[in-house]
Amino acid sequence: MTDQAGMDLRSGAGVEEGARSGVAPASAGQYEPFHGRPVSWVAVSIIMLGFLVGGLALVFGTIWWLFWTGLGLVVVGALLAASTNIFEDWY
């Protein structure tokens, strides 16, 4: 427990830094719900479709051309996600 911020005296952090504040956290009604941009959902859907196609290709008799098609879909979805900066959709 001495590794937590505000409790380690060796790092120069005071005990007051880890103390609770008297301000109550905001209620859930004050924040606007944000579930990502539509382009992010399209990218994730393409990636999931690629995994599904590739997985089914391996299950049903190892159909290699279908497996590589699924892998291609995953790559296309990943490139779309990276190019649209999907990681900025976080709250």
# chains A, B, ... in the order shown; residues from 1 in each chain; ligands from 1
call {"tool": "residues_around", "arguments": {"residues": "Val39 (chain A)", "least_positions_apart": "2", "cutoff": "12 Å", "atoms": "only C-alpha atoms", "output": "list of chain:residue names"}}
result
A:His35, A:Gly36, A:Arg37, A:Trp41, A:Val42, A:Ala43, A:Val44, A:Ser45, A:Ile46, A:Gly77, A:Leu80, A:Ala81, A:Ala82, A:Ser83, A:Thr84, A:Asn85, A:Ile86, A:Asp89
call {"tool": "write_last_selection", "arguments": {"atoms": "N, CA and C atoms", "output": "JSON list (two decimals), in the first residue's frame"}}
result
[["chain", "number", "residue", "atom", "x", "y", "z"],
["A", 35, "HIS", "N", -21.02, 7.56, -27.79],
["A", 35, "HIS", "CA", -20.78, 6.15, -28.13],
["A", 35, "HIS", "C", -19.92, 6.01, -29.37],
["A", 36, "GLY", "N", -19.11, 6.96, -29.67],
["A", 36, "GLY", "CA", -18.22, 6.88, -30.82],
["A", 36, "GLY", "C", -18.84, 7.45, -32.08],
["A", 37, "ARG", "N", -17.97, 7.69, -33.04],
["A", 37, "ARG", "CA", -18.42, 8.22, -34.32],
["A", 37, "ARG", "C", -18.87, 7.08, -35.21],
["A", 41, "TRP", "N", -17.56, 2.92, -35.80],
["A", 41, "TRP", "CA", -18.38, 1.70, -35.77],
["A", 41, "TRP", "C", -18.25, 0.92, -37.08],
["A", 42, "VAL", "N", -18.13, 1.62, -38.19],
["A", 42, "VAL", "CA", -17.93, 0.94, -39.48],
["A", 42, "VAL", "C", -16.61, 0.20, -39.48],
["A", 43, "ALA", "N", -15.55, 0.83, -38.98],
["A", 43, "ALA", "CA", -14.24, 0.19, -38.93],
["A", 43, "ALA", "C", -14.27, -1.06, -38.05],
["A", 44, "VAL", "N", -14.89, -0.96, -36.90],
["A", 44, "VAL", "CA", -14.97, -2.11, -35.99],
["A", 44, "VAL", "C", -15.83, -3.20, -36.60],
["A", 45, "SER", "N", -16.88, -2.83, -37.30],
["A", 45, "SER", "CA", -17.74, -3.84, -37.95],
["A", 45, "SER", "C", -16.99, -4.57, -39.05],
["A", 46, "ILE", "N", -16.17, -3.86, -39.82],
["A", 46, "ILE", "CA", -15.37, -4.51, -40.86],
["A", 46, "ILE", "C", -14.37, -5.47, -40.24],
["A", 77, "GLY", "N", -10.08, -2.91, -42.26],
["A", 77, "GLY", "CA", -10.74, -2.30, -41.11],
["A", 77, "GLY", "C", -9.74, -1.64, -40.16],
["A", 80, "LEU", "N", -8.55, 1.58, -41.76],
["A", 80, "LEU", "CA", -9.60, 2.59, -41.62],
["A", 80, "LEU", "C", -9.65, 3.14, -40.20],
["A", 81, "ALA", "N", -9.54, 2.25, -39.23],
["A", 81, "ALA", "CA", -9.56, 2.68, -37.83],
["A", 81, "ALA", "C", -8.37, 3.57, -37.51],
["A", 82, "ALA", "N", -7.20, 3.20, -38.01],
["A", 82, "ALA", "CA", -6.01, 4.00, -37.73],
["A", 82, "ALA", "C", -6.06, 5.34, -38.44],
["A", 83, "SER", "N", -6.58, 5.36, -39.66],
["A", 83, "SER", "CA", -6.59, 6.60, -40.42],
["A", 83, "SER", "C", -7.64, 7.59, -39.91],
["A", 84, "THR", "N", -8.67, 7.10, -39.25],
["A", 84, "THR", "CA", -9.69, 8.00, -38.70],
["A", 84, "THR", "C", -9.46, 8.30, -37.23],
["A", 85, "ASN", "N", -8.33, 7.86, -36.70],
["A", 85, "ASN", "CA", -7.95, 8.15, -35.31],
["A", 85, "ASN", "C", -9.01, 7.65, -34.33],
["A", 86, "ILE", "N", -9.26, 6.35, -34.39],
["A", 86, "ILE", "CA", -10.33, 5.75, -33.59],
["A", 86, "ILE", "C", -10.07, 5.85, -32.09],
["A", 89, "ASP", "N", -11.83, 8.46, -29.80],
["A", 89, "ASP", "CA", -13.26, 8.35, -29.48],
["A", 89, "ASP", "C", -13.49, 8.06, -28.01]]
